[in-house]
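K.L.:
This is the structure I have questions about; it appears just below.
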Amino acid sequence: MRIAISTGGGDAPGLNAVIRAVVLSAYHRGWKSYGIQRGYEGLLSFNGVVPLGPAEVRGITHLGGTILGTTNRGNPFRYISRDDQGEAIERDRSDDLVAAFQASGFDALVSIGGDGSLQISHDLWRKGLPVVCVPKTIDNDVSSTQRTFGFDTAVSTATEAIDKLHSTAESHDRVIVVELMGRYAGWIALYSGLSGSADVILLPEIPFDIEKVCGKIRSREEAGRHFSIVVAAEGARPKDGAIELLERRGVGTVDRLGGIASKVARAIEVHTGKETRTLVLGHLQRGGSPTTYDRLLALRFGAAAVRAIAEGAFGTMVGLNGQDITRIPLENVVGRAKFVPLDCDTIRTARDLGICLGD
Ligand code: F6P
């Protein structure tokens, strides 16, 4: 058996642990593993297939990033290249990818990625490519799995940042608005905001009323608490669109989000007169060494992906359900994000603690 491994989309702490688990699990079955570099670029635009054995994956479990490299512009179905004038042209190169995969003599692909990569894997599977997927994203918004690896590390990083903001906000009697990642789902903002004792948490799932946010800051002021910490997921939205939001068109197909913290901060200053500062934590949340939780989950996912290949369970994604690793058909995963349920215990806990969720 010859197994190809690809890491696609934004990186997440734990990718290298998955790669190590796949390579060692394959090795102990007498199989060979190969890494495709930079998403599918290593098959589509340059000769980027590298053999991976125990020596290549030694000592990488604790390393952030991916030894294979990644890209979030490598969709083979909507492949972007430049013409002679430098204009971007989009083409479907999925047949080229399948042909390159077969020419390399691969028997199976382990695709490690988030929602975009899962959709691509699903479409490649429908073209006959034998694929097993491993869910990855710090956003934790992939459906059919309770957790994606990378999330726990991102939450730890964000919580530590919020912890550190408390003392400076209090010393200066300021409001500090922290913008965290989370395009469509507010898992990182909710978990780290609650753990870091934020006063306000704004999630994409709950359109916020800026008056409610300011009301919380005013009531703290009246109670002698002259500082506040506001945590906003990058995808948080005002309920009536009263705050104009900055959205930039990313290179490729995905819109880049950004700017909610400065908009909210400006509105708070105008409405409350409080001096307000912002922090956009950005890609710090994607970097660094994975937590023990993420390492373990990533290793379990990697080993489970190889077991799925051994049993011919292609067109599936491995996932976490309670203590168990499960296999879910890709058609049940794609196109359904996992949002924070508004009645979940963590939301109820935040409300019970008096945290303002903007509604
Ligand atoms: O999907 C994960 C994520 O971290 C999102 O929260 C964020 O919007 C996006 O990646 C940013 O990705 P990049 O800056 O790599 O385009």
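If you're wondering about the labels, chains in the structure tokens are A, B, ... by order shown, residues count from 1 in each chain, ligands from 1 in order shown.
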Name all residues at most 10 Å from A:Leu52 (count only C-alpha atoms; drop same-chain ones fewer than 5 positions away) and give them as a compact mmCIF listing (two decimals) with N, CA and C atoms, in the first residue's frame.
P.N.:
```txt
# COMPACT_ATOMS: atom_id res chain seq x y z
N ILE A 3 0.41 5.24 0.66
CA ILE A 3 -0.53 6.24 1.16
C ILE A 3 0.02 7.64 0.93
N ALA A 4 -0.83 8.51 0.38
CA ALA A 4 -0.44 9.92 0.24
C ALA A 4 -1.11 10.72 1.36
N ILE A 5 -0.39 11.73 1.85
CA ILE A 5 -0.94 12.59 2.92
C ILE A 5 -0.90 14.03 2.42
N ILE A 19 0.24 13.66 11.00
CA ILE A 19 1.16 13.10 9.99
C ILE A 19 1.98 11.98 10.60
N ARG A 20 2.50 12.22 11.79
CA ARG A 20 3.33 11.19 12.45
C ARG A 20 2.53 9.91 12.70
N VAL A 22 -0.14 8.83 11.13
CA VAL A 22 -0.46 8.14 9.87
C VAL A 22 0.78 7.37 9.40
N VAL A 23 1.92 8.06 9.40
CA VAL A 23 3.14 7.44 8.87
C VAL A 23 3.53 6.21 9.70
N LEU A 24 3.49 6.32 11.02
CA LEU A 24 3.90 5.18 11.86
C LEU A 24 2.89 4.04 11.79
N TYR A 27 3.52 2.40 8.55
CA TYR A 27 4.81 1.71 8.59
C TYR A 27 4.68 0.35 9.30
N LYS A 32 3.83 2.09 2.76
CA LYS A 32 4.69 3.26 2.54
C LYS A 32 3.84 4.53 2.54
N SER A 33 4.41 5.60 3.07
CA SER A 33 3.68 6.89 3.10
C SER A 33 4.46 7.94 2.32
N TYR A 34 3.69 8.87 1.75
CA TYR A 34 4.28 9.97 1.00
C TYR A 34 3.54 11.26 1.34
N GLY A 35 4.27 12.32 1.49
CA GLY A 35 3.64 13.61 1.76
C GLY A 35 3.53 14.41 0.47
N VAL A 57 9.41 11.59 10.50
CA VAL A 57 8.39 12.10 11.41
C VAL A 57 8.85 12.04 12.87
```
K.L.:
At a cut-off of 9 Å and counting only C-alpha atoms and all ligand atoms, what residues surround ligand 1? Please answer as an MDAnalysis selection string.
P.N.:
chainID A and resid 9:12 71:73 114:116 136:141 180:185 233:235 250:251 254:258 282:283 285:286
K.L.:
Please give the complete set of residues from stretch 132-352 of chain A that DSSP, run on the backbone, assigns to strand (DSSP E or B), formatted as a ChimeraX atom specification.
P.N.:
/A:132-136,142,149,175-180,200-202,208,228-233,238,247-249,255-257,276-280,316-321,324-329,337
K.L.:
Of the candidates A:Ser228, A:Ser111, A:Thr168, A:Thr153, which shows the shortest atom-to-atom distance to A:Pro135, using only C-alpha atoms?
P.N.:
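Ranked by minimum distance to A:Pro135, first place goes to A:Ser111.
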K.L.:
Mind giving me the straight-line distance from atom CA of A:Phe151 to atom CA of A:Val334 in Å, one decimal?
P.N.:
19.3 Å
K.L.:
Counting only C-alpha atoms, which of A:Ala17, A:Leu109, A:Val230, A:Val175 gets nearest to A:Leu194?
P.N.:
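Ranking A:Ala17, A:Leu109, A:Val230, A:Val175 by distance to A:Leu194, first place goes to A:Val230.
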K.L.:
For each of A:Arg295, A:Arg93, A:Arg126, A:Arg266, take the minimum atom-to-atom distance to A:Gly64, counting only C-alpha atoms, then give the residue where this is smallest.
P.N.:
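Nearest to A:Gly64: A:Arg295.
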K.L.:
May I have the residues within 12 Å of A:Phe46 as a count of residues only, using only C-alpha atoms and disregarding those fewer than 5 positions away in the same chain?
P.N.:
8
K.L.:
Write out as a VMD selection string all residues of stretch 131-302 of chain A that DSSP puts in helix (DSSP H, G or I) for this structure's backbone.
P.N.:
chain A and resid 151 to 172 187 to 195 210 to 222 260 to 272 282 to 286 292 to 302
K.L.:
Restrict the selected residues to C-alpha atoms and save them as a PDB file, in the first residue's frame.
P.N.:
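Generated output (part01.pdb):
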```
ATOM      1  CA  PHE A 151      -9.114  24.211  18.862  1.00  0.00           C
ATOM      2  CA  ASP A 152      -7.877  23.465  22.368  1.00  0.00           C
ATOM      3  CA  THR A 153      -4.508  25.107  21.662  1.00  0.00           C
ATOM      4  CA  ALA A 154      -6.158  28.194  20.158  1.00  0.00           C
ATOM      5  CA  VAL A 155      -8.466  28.513  23.161  1.00  0.00           C
ATOM      6  CA  SER A 156      -5.483  28.260  25.539  1.00  0.00           C
ATOM      7  CA  THR A 157      -3.609  30.963  23.638  1.00  0.00           C
ATOM      8  CA  ALA A 158      -6.663  33.227  23.583  1.00  0.00           C
ATOM      9  CA  THR A 159      -7.415  32.668  27.272  1.00  0.00           C
ATOM     10  CA  GLU A 160      -3.844  33.544  28.229  1.00  0.00           C
ATOM     11  CA  ALA A 161      -4.097  36.752  26.181  1.00  0.00           C
ATOM     12  CA  ILE A 162      -7.382  37.731  27.845  1.00  0.00           C
ATOM     13  CA  ASP A 163      -5.888  36.992  31.277  1.00  0.00           C
ATOM     14  CA  LYS A 164      -3.036  39.379  30.542  1.00  0.00           C
ATOM     15  CA  LEU A 165      -5.340  42.151  29.374  1.00  0.00           C
ATOM     16  CA  HIS A 166      -7.189  42.320  32.681  1.00  0.00           C
ATOM     17  CA  SER A 167      -4.427  43.990  34.670  1.00  0.00           C
ATOM     18  CA  THR A 168      -3.608  46.645  32.085  1.00  0.00           C
ATOM     19  CA  ALA A 169      -7.297  47.384  31.417  1.00  0.00           C
ATOM     20  CA  GLU A 170      -7.888  47.759  35.156  1.00  0.00           C
ATOM     21  CA  SER A 171      -4.806  49.921  35.724  1.00  0.00           C
ATOM     22  CA  HIS A 172      -5.905  52.376  33.038  1.00  0.00           C
ATOM     23  CA  TRP A 187     -16.393  28.472  19.764  1.00  0.00           C
ATOM     24  CA  ILE A 188     -13.005  30.090  20.420  1.00  0.00           C
ATOM     25  CA  ALA A 189     -14.560  33.357  21.608  1.00  0.00           C
ATOM     26  CA  LEU A 190     -17.050  31.598  23.885  1.00  0.00           C
ATOM     27  CA  TYR A 191     -14.636  29.126  25.483  1.00  0.00           C
ATOM     28  CA  SER A 192     -11.779  31.575  25.992  1.00  0.00           C
ATOM     29  CA  GLY A 193     -14.054  34.499  26.873  1.00  0.00           C
ATOM     30  CA  LEU A 194     -15.728  32.472  29.589  1.00  0.00           C
ATOM     31  CA  SER A 195     -12.461  30.974  30.871  1.00  0.00           C
ATOM     32  CA  ILE A 210     -24.352  47.669  20.682  1.00  0.00           C
ATOM     33  CA  GLU A 211     -26.632  49.351  23.226  1.00  0.00           C
ATOM     34  CA  LYS A 212     -26.682  46.133  25.272  1.00  0.00           C
ATOM     35  CA  VAL A 213     -22.884  45.985  25.125  1.00  0.00           C
ATOM     36  CA  CYS A 214     -22.592  49.604  26.280  1.00  0.00           C
ATOM     37  CA  GLY A 215     -25.230  48.994  28.949  1.00  0.00           C
ATOM     38  CA  LYS A 216     -23.054  46.254  30.449  1.00  0.00           C
ATOM     39  CA  ILE A 217     -20.014  48.558  30.488  1.00  0.00           C
ATOM     40  CA  ARG A 218     -22.055  51.354  32.116  1.00  0.00           C
ATOM     41  CA  SER A 219     -23.458  49.075  34.796  1.00  0.00           C
ATOM     42  CA  ARG A 220     -19.931  47.892  35.660  1.00  0.00           C
ATOM     43  CA  GLU A 221     -18.878  51.542  35.856  1.00  0.00           C
ATOM     44  CA  GLU A 222     -21.712  52.270  38.280  1.00  0.00           C
ATOM     45  CA  ILE A 260     -14.934  43.953  14.148  1.00  0.00           C
ATOM     46  CA  ALA A 261     -12.859  44.907  17.216  1.00  0.00           C
ATOM     47  CA  SER A 262     -12.113  48.412  15.976  1.00  0.00           C
ATOM     48  CA  LYS A 263     -15.738  48.980  14.971  1.00  0.00           C
ATOM     49  CA  VAL A 264     -17.050  47.813  18.328  1.00  0.00           C
ATOM     50  CA  ALA A 265     -14.372  49.796  20.177  1.00  0.00           C
ATOM     51  CA  ARG A 266     -15.253  52.984  18.309  1.00  0.00           C
ATOM     52  CA  ALA A 267     -18.950  52.515  19.064  1.00  0.00           C
ATOM     53  CA  ILE A 268     -18.203  51.918  22.752  1.00  0.00           C
ATOM     54  CA  GLU A 269     -16.111  55.081  22.941  1.00  0.00           C
ATOM     55  CA  VAL A 270     -18.824  57.134  21.269  1.00  0.00           C
ATOM     56  CA  HIS A 271     -21.662  55.714  23.374  1.00  0.00           C
ATOM     57  CA  THR A 272     -19.978  55.493  26.791  1.00  0.00           C
ATOM     58  CA  GLY A 282      -4.939  36.883  14.709  1.00  0.00           C
ATOM     59  CA  HIS A 283      -2.580  34.123  13.690  1.00  0.00           C
ATOM     60  CA  LEU A 284      -1.056  33.742  17.142  1.00  0.00           C
ATOM     61  CA  GLN A 285      -4.081  31.493  17.666  1.00  0.00           C
ATOM     62  CA  ARG A 286      -2.924  29.199  14.889  1.00  0.00           C
ATOM     63  CA  THR A 292      -1.658  17.647  25.223  1.00  0.00           C
ATOM     64  CA  TYR A 293      -5.347  17.396  24.340  1.00  0.00           C
ATOM     65  CA  ASP A 294      -4.741  18.377  20.722  1.00  0.00           C
ATOM     66  CA  ARG A 295      -1.715  16.083  20.368  1.00  0.00           C
ATOM     67  CA  LEU A 296      -3.654  13.127  21.646  1.00  0.00           C
ATOM     68  CA  LEU A 297      -6.686  13.851  19.479  1.00  0.00           C
ATOM     69  CA  ALA A 298      -4.489  14.380  16.420  1.00  0.00           C
ATOM     70  CA  LEU A 299      -2.576  11.131  17.041  1.00  0.00           C
ATOM     71  CA  ARG A 300      -5.837   9.226  17.534  1.00  0.00           C
ATOM     72  CA  PHE A 301      -7.316  10.725  14.356  1.00  0.00           C
ATOM     73  CA  GLY A 302      -4.194   9.824  12.338  1.00  0.00           C
TER      74      GLY A 302
END
```
K.L.:
Using only C-alpha atoms, can you tell me which of A:Gly196, A:Gly8, A:Pro238, A:Gly315 comes closest to A:Gly74?
P.N.:
A:Gly8
